[in-house]
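Engineer: Please find start.txt (compact mmCIF, C-alpha atoms and all ligand atoms) on the next line:
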# COMPACT_ATOMS: atom_id res chain seq x y z
CA MET A 506 -2.76 4.47 -30.18
CA LYS A 507 -2.38 3.53 -26.51
CA THR A 508 -2.07 -0.15 -25.69
CA GLU A 509 -4.30 -1.54 -22.95
CA GLN A 510 -1.58 -1.34 -20.25
CA GLN A 511 -0.47 2.16 -21.31
CA ALA A 512 -4.04 3.31 -20.71
CA ALA A 513 -4.23 1.51 -17.34
CA LEU A 514 -4.77 3.29 -14.04
CA ASN A 515 -2.06 2.24 -11.59
CA ILE A 516 -2.32 3.66 -8.08
CA VAL A 517 0.02 3.41 -5.11
CA LEU A 518 -1.84 3.75 -1.82
CA PHE A 519 0.37 4.68 1.09
CA GLY A 520 -0.47 5.45 4.67
CA PRO A 521 0.49 4.76 8.28
CA PRO A 522 -0.78 1.58 9.92
CA GLY A 523 -4.42 2.15 10.83
CA ALA A 524 -5.02 4.75 8.10
CA GLY A 525 -7.54 2.40 6.50
CA LYS A 526 -5.38 1.46 3.49
CA GLY A 527 -6.91 -2.00 3.07
CA THR A 528 -10.53 -0.85 3.36
CA VAL A 529 -10.06 2.15 1.08
CA ALA A 530 -8.03 0.16 -1.47
CA LYS A 531 -10.89 -2.34 -1.79
CA LEU A 532 -13.38 0.50 -2.36
CA VAL A 533 -11.21 2.14 -5.03
CA ALA A 534 -10.57 -1.24 -6.70
CA ALA A 535 -14.32 -1.96 -6.89
CA GLN A 536 -15.10 1.52 -8.22
CA LYS A 537 -12.39 1.48 -10.91
CA GLN A 538 -12.25 -2.29 -11.64
CA LEU A 539 -8.63 -2.44 -10.49
CA ILE A 540 -6.72 -5.43 -9.15
CA HIS A 541 -5.99 -4.87 -5.45
CA LEU A 542 -2.52 -6.07 -4.43
CA SER A 543 -1.65 -5.81 -0.73
CA THR A 544 1.87 -6.93 0.19
CA GLY A 545 0.80 -7.14 3.86
CA ASP A 546 -1.99 -9.59 2.91
CA MET A 547 0.37 -11.58 0.65
CA LEU A 548 2.95 -11.87 3.45
CA ARG A 549 0.30 -12.96 5.98
CA GLN A 550 -0.78 -15.65 3.49
CA GLU A 551 2.82 -16.85 3.16
CA ILE A 552 3.07 -17.05 6.96
CA GLU A 553 -0.14 -19.07 7.10
CA LEU A 554 1.18 -21.42 4.41
CA GLY A 555 4.43 -21.83 6.37
CA SER A 556 6.48 -21.11 3.23
CA ASP A 557 10.16 -20.01 3.23
CA ILE A 558 9.04 -16.43 2.57
CA GLY A 559 6.55 -16.70 5.43
CA ARG A 560 9.20 -17.94 7.84
CA GLU A 561 11.57 -15.12 6.87
CA ALA A 562 8.82 -12.48 7.12
CA ALA A 563 7.15 -13.55 10.36
CA GLY A 564 9.84 -12.31 12.76
CA LEU A 565 10.27 -8.99 10.96
CA ILE A 566 6.51 -8.33 10.83
CA ALA A 567 6.20 -9.19 14.52
CA GLN A 568 8.78 -6.48 15.28
CA GLY A 569 7.22 -3.86 13.01
CA GLN A 570 10.23 -3.98 10.66
CA LEU A 571 10.15 -4.11 6.88
CA VAL A 572 10.62 -7.35 4.95
CA PRO A 573 13.61 -7.11 2.50
CA ASP A 574 12.91 -5.35 -0.80
CA GLU A 575 13.82 -8.35 -2.96
CA VAL A 576 11.21 -10.53 -1.21
CA VAL A 577 8.29 -8.14 -1.70
CA VAL A 578 9.40 -7.10 -5.19
CA ALA A 579 9.44 -10.75 -6.33
CA MET A 580 5.99 -11.35 -4.82
CA VAL A 581 4.55 -8.28 -6.56
CA GLY A 582 6.26 -9.15 -9.84
CA ASN A 583 4.61 -12.57 -9.85
CA ALA A 584 1.21 -11.12 -8.98
CA VAL A 585 1.41 -8.44 -11.69
CA ALA A 586 2.40 -11.03 -14.29
CA ARG A 587 -0.57 -13.21 -13.30
CA HIS A 588 -3.11 -10.38 -13.73
CA ILE A 589 -1.92 -8.48 -16.81
CA PRO A 590 -3.73 -7.58 -19.04
CA CYS A 591 -6.16 -5.79 -16.73
CA PRO A 592 -7.58 -2.27 -16.27
CA GLY A 593 -4.85 -1.50 -13.73
CA PHE A 594 -3.70 -2.07 -10.16
CA ILE A 595 -4.03 -0.50 -6.77
CA PHE A 596 -0.88 -1.30 -4.79
CA ASP A 597 -1.66 -1.27 -1.07
CA GLY A 598 1.32 -0.90 1.26
CA PHE A 599 3.78 -1.22 -1.62
CA PRO A 600 6.21 0.30 -2.46
CA ARG A 601 7.45 1.26 1.01
CA THR A 602 11.04 2.15 0.02
CA THR A 603 12.61 3.96 -2.93
CA GLY A 604 14.24 0.66 -3.95
CA GLN A 605 10.78 -0.93 -4.18
CA ALA A 606 9.45 2.13 -6.04
CA ALA A 607 12.22 1.93 -8.64
CA ALA A 608 11.69 -1.83 -9.01
CA LEU A 609 7.94 -1.27 -9.51
CA ASP A 610 8.61 1.36 -12.18
CA GLY A 611 10.87 -1.12 -13.99
CA LEU A 612 8.35 -3.89 -13.69
CA LEU A 613 5.56 -1.75 -15.14
CA ALA A 614 7.74 -0.15 -17.82
CA ALA A 615 8.58 -3.63 -19.12
CA ARG A 616 4.85 -3.96 -19.73
CA HIS A 617 4.45 -0.48 -21.25
CA ALA A 618 2.71 0.76 -18.12
CA ALA A 619 3.49 3.28 -15.37
CA ILE A 620 2.26 4.50 -11.99
CA THR A 621 -0.45 7.12 -12.41
CA LEU A 622 -0.47 8.53 -8.88
CA MET A 623 0.73 7.83 -5.35
CA ILE A 624 -1.89 8.72 -2.76
CA ALA A 625 -0.77 9.09 0.85
CA LEU A 626 -3.53 8.75 3.44
CA GLU A 627 -3.15 11.15 6.37
CA VAL A 628 -4.53 10.59 9.85
CA SER A 629 -3.47 11.75 13.33
CA GLU A 630 -1.31 9.48 15.50
CA GLN A 631 -3.93 9.49 18.28
CA GLU A 632 -6.59 8.25 15.85
CA ILE A 633 -4.17 5.61 14.45
CA ILE A 634 -3.57 4.11 17.89
CA ARG A 635 -7.31 4.16 18.70
CA ARG A 636 -8.14 2.32 15.45
CA MET A 637 -5.30 -0.18 15.76
CA LEU A 638 -6.17 -1.20 19.29
CA HIS A 639 -9.77 -1.69 18.17
CA ARG A 640 -8.56 -3.82 15.22
CA ALA A 641 -6.38 -5.86 17.59
CA GLU A 642 -9.52 -6.82 19.52
CA VAL A 643 -11.49 -7.66 16.36
CA GLU A 644 -8.86 -9.35 14.15
CA GLY A 645 -6.25 -10.47 16.67
CA ARG A 646 -3.27 -9.61 14.42
CA PRO A 647 -0.05 -10.32 16.39
CA ASP A 648 1.55 -7.06 15.14
CA ASP A 649 -1.29 -4.91 16.52
CA THR A 650 0.09 -4.55 20.07
CA ILE A 651 0.87 -1.05 21.37
CA ASP A 652 4.68 -1.51 21.19
CA VAL A 653 4.65 -2.97 17.68
CA ILE A 654 2.16 -0.31 16.52
CA ARG A 655 4.56 2.40 17.80
CA GLN A 656 7.46 0.70 15.95
CA ARG A 657 5.37 0.42 12.75
CA ILE A 658 4.55 4.13 12.92
CA ILE A 659 8.28 4.93 13.38
CA THR A 660 9.18 2.65 10.43
CA TYR A 661 6.49 4.36 8.35
CA HIS A 662 7.79 7.87 9.08
CA GLU A 663 11.39 6.78 8.41
CA LYS A 664 10.44 5.57 4.94
CA ILE A 665 7.59 7.79 3.82
CA LYS A 666 9.62 10.88 3.11
CA SER A 667 11.97 9.37 0.57
CA THR A 668 9.25 7.26 -1.04
CA ALA A 669 6.93 10.28 -1.27
CA ASP A 670 9.80 12.37 -2.67
CA TYR A 671 10.37 9.70 -5.31
CA TYR A 672 6.84 10.16 -6.66
CA ARG A 673 6.75 13.92 -5.97
CA ALA A 674 9.78 14.29 -8.25
CA GLN A 675 7.70 12.67 -11.00
CA GLY A 676 4.70 14.96 -10.27
CA LYS A 677 2.73 11.92 -9.10
CA TYR A 678 2.05 12.57 -5.40
CA ALA A 679 -1.17 13.52 -3.62
CA THR A 680 -2.37 13.44 -0.01
CA VAL A 681 -5.87 12.66 1.22
CA ASN A 682 -7.30 13.12 4.72
CA SER A 683 -8.36 9.68 5.92
CA SER A 684 -9.74 10.57 9.35
CA ILE A 685 -13.47 10.77 8.56
CA THR A 686 -15.02 7.66 6.95
CA PRO A 687 -13.79 5.19 4.30
CA ASP A 688 -16.43 6.52 1.89
CA ASN A 689 -15.31 10.10 2.48
CA THR A 690 -11.71 9.02 1.74
CA LEU A 691 -12.90 7.21 -1.41
CA GLN A 692 -14.67 10.36 -2.67
CA GLN A 693 -11.53 12.45 -2.13
CA ILE A 694 -9.44 9.87 -4.02
CA LEU A 695 -11.90 9.77 -6.94
CA LYS A 696 -11.67 13.56 -7.10
CA GLN A 697 -7.87 13.38 -7.21
CA LEU A 698 -8.00 10.73 -9.93
CA SER A 699 -10.35 12.85 -12.04
CA THR A 700 -7.57 15.47 -12.26
CA VAL A 701 -4.96 13.05 -13.63
CA ASN A 702 -4.94 11.30 -16.94
CA GLY A 703 -5.61 7.67 -16.08
P1 LIG A 801 0.47 -3.90 6.27
O1 LIG A 801 -0.62 -4.94 6.28
O2 LIG A 801 0.59 -3.18 4.94
O3 LIG A 801 0.37 -2.94 7.43
O4 LIG A 801 1.85 -4.69 6.45
C1 LIG A 801 2.12 -5.45 7.61
C2 LIG A 801 3.61 -5.69 7.72
O5 LIG A 801 4.07 -6.45 6.59
C3 LIG A 801 4.48 -4.43 7.73
O6 LIG A 801 4.60 -3.85 9.03
C4 LIG A 801 5.81 -4.99 7.22
O7 LIG A 801 6.48 -5.71 8.25
C5 LIG A 801 5.36 -6.02 6.17
N1 LIG A 801 5.24 -5.40 4.83
C6 LIG A 801 4.07 -5.19 4.13
N2 LIG A 801 4.31 -4.59 2.95
C7 LIG A 801 5.67 -4.41 2.90
C8 LIG A 801 6.54 -3.81 1.93
N3 LIG A 801 6.08 -3.26 0.80
N4 LIG A 801 7.87 -3.82 2.22
C9 LIG A 801 8.36 -4.38 3.34
N5 LIG A 801 7.60 -4.92 4.30
C10 LIG A 801 6.25 -4.95 4.09
Kindly return the structure encoded in the file as C-alpha cells.
Structural biologist:
Amino acid sequence: MKTEQQAALNIVLFGPPGAGKGTVAKLVAAQKQLIHLSTGDMLRQEIELGSDIGREAAGLIAQGQLVPDEVVVAMVGNAVARHIPCPGFIFDGFPRTTGQAAALDGLLAARHAAITLMIALEVSEQEIIRRMLHRAEVEGRPDDTIDVIRQRIITYHEKIKSTADYYRAQGKYATVNSSITPDNTLQQILKQLSTVNG
C-alpha cells in the first residue's frame, strides 16, 4: 500500500522570468490542493525581514544571478518539513540547478516521496520582456529593469538545459506553451498531469 507521501503529486514548475510561473503555480496549487513553494518569494521575504539570508541574497538577485544552492536548498528543506504530510507540492522556480535538483530528490526520498513531473513553461523572449516591463510598473520589483531582465534570461538559459536534462533522464520532463493566458496554461498542465501517475 502506498503511504500518503508516496501517493503525493510533486511538481517542479520551471520557466524564464515573465513566463507566469507564480500565477500558474497558484492556479495549479488551488486545483490540486498542493502546497505552493516559491524560492523567489521566500528570498524576497528574507530580504524584507533583513535576515542574514536576505542580506546575502539581495545583491545577487539585483544582478540577476542565482543565490547559492545551499541557501535555497536549506530554505526549501525547512518549508517541506513544515508542510508534510500534505497532498504534495508545486515547486516554483526551484530547482534551478542540477545540484538543487539532486538535493530535492534526496529531501523527498527521505520522506518516501519523489518528483512526479517537471513542467517547463515556454514563451518568446519578446513576450517575456513586454510582460516584465509591465510588471515593473505594477509591482516595482528592483530586479525588473531591462538590464537585469536580460541577465535573468541569460542565467535561465545557462541553467535550464542541464536541469531539464536531469528530469528528462528520469522520464519526468514536459513543456507547456505559456504565451496565451494563465488559464490556458493551467489546462495544458492538467492535461499533462492526467497522463502521469500522480
Ligand atoms: P523568481 O521570483 O523565481 O524569478 O526569482 C527571483 C530571483 O531570486 C532569481 O533571479 C534568483 O536571483 C533568486 N532565486 C529564486 N529561486 C532561486 C533558486 N532556486 N536558486 C537560486 N536563486 C534563486
Engineer: May I have the residues within 8 Å of A:Gln568 as number ranges by chain, using all atoms listed in the file and disregarding those fewer than 2 positions away in the same chain?
Structural biologist: A: 564-566, 570, 648, 653, 656
Engineer: Please determine, counting only C-alpha atoms, which residue among A:Thr621, A:Leu548, A:Leu612, A:Asp574 has the shortest atom-to-atom distance to A:Gly676.
Structural biologist: A:Thr621
Engineer: Can you write out as JSON lines which residues of chain A fall within 8 Å of ligand LIG 801 (chain A), alongside each residue's closest atom pair and its distance in Å to one decimal, counting only C-alpha atoms and all ligand atoms and ordering rows by chain and ascending residue number?
Structural biologist:
{"residue": "A:Pro521", "atom": "CA", "partner": "A:LIG801", "partner_atom": "O3", "distance": 7.7}
{"residue": "A:Pro522", "atom": "CA", "partner": "A:LIG801", "partner_atom": "O3", "distance": 5.3}
{"residue": "A:Gly523", "atom": "CA", "partner": "A:LIG801", "partner_atom": "O3", "distance": 7.8}
{"residue": "A:Lys526", "atom": "CA", "partner": "A:LIG801", "partner_atom": "O2", "distance": 7.7}
{"residue": "A:Gly527", "atom": "CA", "partner": "A:LIG801", "partner_atom": "O1", "distance": 7.6}
{"residue": "A:Ser543", "atom": "CA", "partner": "A:LIG801", "partner_atom": "O2", "distance": 6.6}
{"residue": "A:Thr544", "atom": "CA", "partner": "A:LIG801", "partner_atom": "N2", "distance": 4.4}
{"residue": "A:Gly545", "atom": "CA", "partner": "A:LIG801", "partner_atom": "O1", "distance": 3.6}
{"residue": "A:Asp546", "atom": "CA", "partner": "A:LIG801", "partner_atom": "O1", "distance": 5.9}
{"residue": "A:Leu548", "atom": "CA", "partner": "A:LIG801", "partner_atom": "O5", "distance": 6.4}
{"residue": "A:Arg549", "atom": "CA", "partner": "A:LIG801", "partner_atom": "O5", "distance": 7.5}
{"residue": "A:Ala562", "atom": "CA", "partner": "A:LIG801", "partner_atom": "O7", "distance": 7.3}
{"residue": "A:Leu565", "atom": "CA", "partner": "A:LIG801", "partner_atom": "O7", "distance": 5.7}
{"residue": "A:Ile566", "atom": "CA", "partner": "A:LIG801", "partner_atom": "O7", "distance": 3.7}
{"residue": "A:Ala567", "atom": "CA", "partner": "A:LIG801", "partner_atom": "O7", "distance": 7.2}
{"residue": "A:Gln568", "atom": "CA", "partner": "A:LIG801", "partner_atom": "O7", "distance": 7.4}
{"residue": "A:Gly569", "atom": "CA", "partner": "A:LIG801", "partner_atom": "O6", "distance": 4.8}
{"residue": "A:Gln570", "atom": "CA", "partner": "A:LIG801", "partner_atom": "O7", "distance": 4.8}
{"residue": "A:Leu571", "atom": "CA", "partner": "A:LIG801", "partner_atom": "N5", "distance": 3.7}
{"residue": "A:Val572", "atom": "CA", "partner": "A:LIG801", "partner_atom": "N5", "distance": 3.9}
{"residue": "A:Pro573", "atom": "CA", "partner": "A:LIG801", "partner_atom": "C9", "distance": 6.0}
{"residue": "A:Asp574", "atom": "CA", "partner": "A:LIG801", "partner_atom": "N4", "distance": 6.1}
{"residue": "A:Val577", "atom": "CA", "partner": "A:LIG801", "partner_atom": "N4", "distance": 5.8}
{"residue": "A:Val578", "atom": "CA", "partner": "A:LIG801", "partner_atom": "N3", "distance": 7.9}
{"residue": "A:Asp597", "atom": "CA", "partner": "A:LIG801", "partner_atom": "O2", "distance": 6.7}
{"residue": "A:Gly598", "atom": "CA", "partner": "A:LIG801", "partner_atom": "O2", "distance": 4.4}
{"residue": "A:Phe599", "atom": "CA", "partner": "A:LIG801", "partner_atom": "N3", "distance": 3.9}
{"residue": "A:Pro600", "atom": "CA", "partner": "A:LIG801", "partner_atom": "N3", "distance": 4.8}
{"residue": "A:Arg601", "atom": "CA", "partner": "A:LIG801", "partner_atom": "N3", "distance": 4.7}
{"residue": "A:Thr602", "atom": "CA", "partner": "A:LIG801", "partner_atom": "N4", "distance": 7.1}
{"residue": "A:Gln605", "atom": "CA", "partner": "A:LIG801", "partner_atom": "N3", "distance": 7.2}
{"residue": "A:Asp648", "atom": "CA", "partner": "A:LIG801", "partner_atom": "O6", "distance": 7.5}
{"residue": "A:Arg657", "atom": "CA", "partner": "A:LIG801", "partner_atom": "O6", "distance": 5.7}
Engineer: Which residue is closest to A:Tyr678? Choose from A:Arg640, A:Arg587, A:Ala625, A:Thr650 and count all atoms listed in the file.
Structural biologist: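 Under the stated criterion, the closest residue is A:Ala625.
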Engineer: What's around A:Arg635 at 12 Å? Count all atoms listed in the file, leave out sequence neighbours fewer than 3 positions away in its own chain, and write the answer as a ChimeraX atom specification.
Structural biologist: /A:522-524,628-632,638-642,649-651,654,684
Engineer: Take the residues from that selection and write them out as a short mmCIF file (atom, residue, chain, number, x, y, z; two decimals), in the coordinates of the input, keeping C-alpha atoms.
Structural biologist:
data_model
loop_
_atom_site.label_atom_id
_atom_site.label_comp_id
_atom_site.auth_asym_id
_atom_site.auth_seq_id
_atom_site.Cartn_x
_atom_site.Cartn_y
_atom_site.Cartn_z
CA PRO A 522 -0.78 1.58 9.92
CA GLY A 523 -4.42 2.15 10.83
CA ALA A 524 -5.02 4.75 8.10
CA VAL A 628 -4.53 10.59 9.85
CA SER A 629 -3.47 11.75 13.33
CA GLU A 630 -1.31 9.48 15.50
CA GLN A 631 -3.93 9.49 18.28
CA GLU A 632 -6.59 8.25 15.85
CA LEU A 638 -6.17 -1.20 19.29
CA HIS A 639 -9.77 -1.69 18.17
CA ARG A 640 -8.56 -3.82 15.22
CA ALA A 641 -6.38 -5.86 17.59
CA GLU A 642 -9.52 -6.82 19.52
CA ASP A 649 -1.29 -4.91 16.52
CA THR A 650 0.09 -4.55 20.07
CA ILE A 651 0.87 -1.05 21.37
CA ILE A 654 2.16 -0.31 16.52
CA SER A 684 -9.74 10.57 9.35
#
Engineer: In Å, with one decimal, what is the gap from atom CA of A:Ile558 to atom CA of A:Gly645?
Structural biologist: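 Taking atom CA of A:Ile558 and atom CA of A:Gly645, their separation equals 21.6 Å.
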Engineer: If we count only C-alpha atoms, what is near A:Ile516 at a cut-off of 8 Å, once residues fewer than 3 positions away on the same chain are taken out, given as number ranges by chain?
Structural biologist: A: 594-596, 620-624
Engineer: Find the residues near stretch 528-536 of chain A: any atom within 10 Å, counting only C-alpha atoms, skip ones fewer than 2 places away on the same chain, and give them as a PyMOL selection string.
Structural biologist: chain A and resi 516-519+524-526+538-543+593-598+626+683+686-692+694-695
Engineer: Quick one: what's the axis-aligned box for stretch 539-555 of chain A, all listed atoms, 4 Å on every side, centre and edges in Å to one decimal, as AutoDock Vina command-line options?
Structural biologist:
--center_x -2.1 --center_y -12.1 --center_z -1.7 --size_x 21.1 --size_y 27.4 --size_z 25.6
Engineer: For atom CA of A:Glu627 and atom CA of A:Val681, determine how far apart the two atoms are, in Å to one decimal place.
Structural biologist: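 Computed distance, atom CA of A:Glu627 to atom CA of A:Val681, equals 6.0 Å.
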Engineer: What does the distance from atom CA of A:Arg616 to atom CA of A:Pro590 come to in Å, to one decimal?
Structural biologist: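 A separation of 9.3 Å between them.
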Engineer: For each of A:Gly555, A:Gly520, A:Gly582, A:Gly604, take the minimum atom-to-atom distance to A:Ile665, counting all atoms listed in the file, then give the residue where this is smallest.
Structural biologist: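 The closest residue to A:Ile665 is A:Gly520.
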Engineer: Which residues, written as a PDB file with C-alpha atoms, keeping the file's coordinate frame, have at least one atom at most 10 Å from A:Arg560, with only C-alpha atoms counted and residues fewer than 6 positions away on the same chain left out?
Structural biologist:
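Produced file around.pdb, reproduced below:
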ATOM      1  CA  LEU A 548       2.950 -11.870   3.450  1.00  0.00           C
ATOM      2  CA  GLU A 551       2.820 -16.850   3.160  1.00  0.00           C
ATOM      3  CA  ILE A 552       3.070 -17.050   6.960  1.00  0.00           C
ATOM      4  CA  GLU A 553      -0.140 -19.070   7.100  1.00  0.00           C
ATOM      5  CA  LEU A 554       1.180 -21.420   4.410  1.00  0.00           C
TER       6      LEU A 554
END
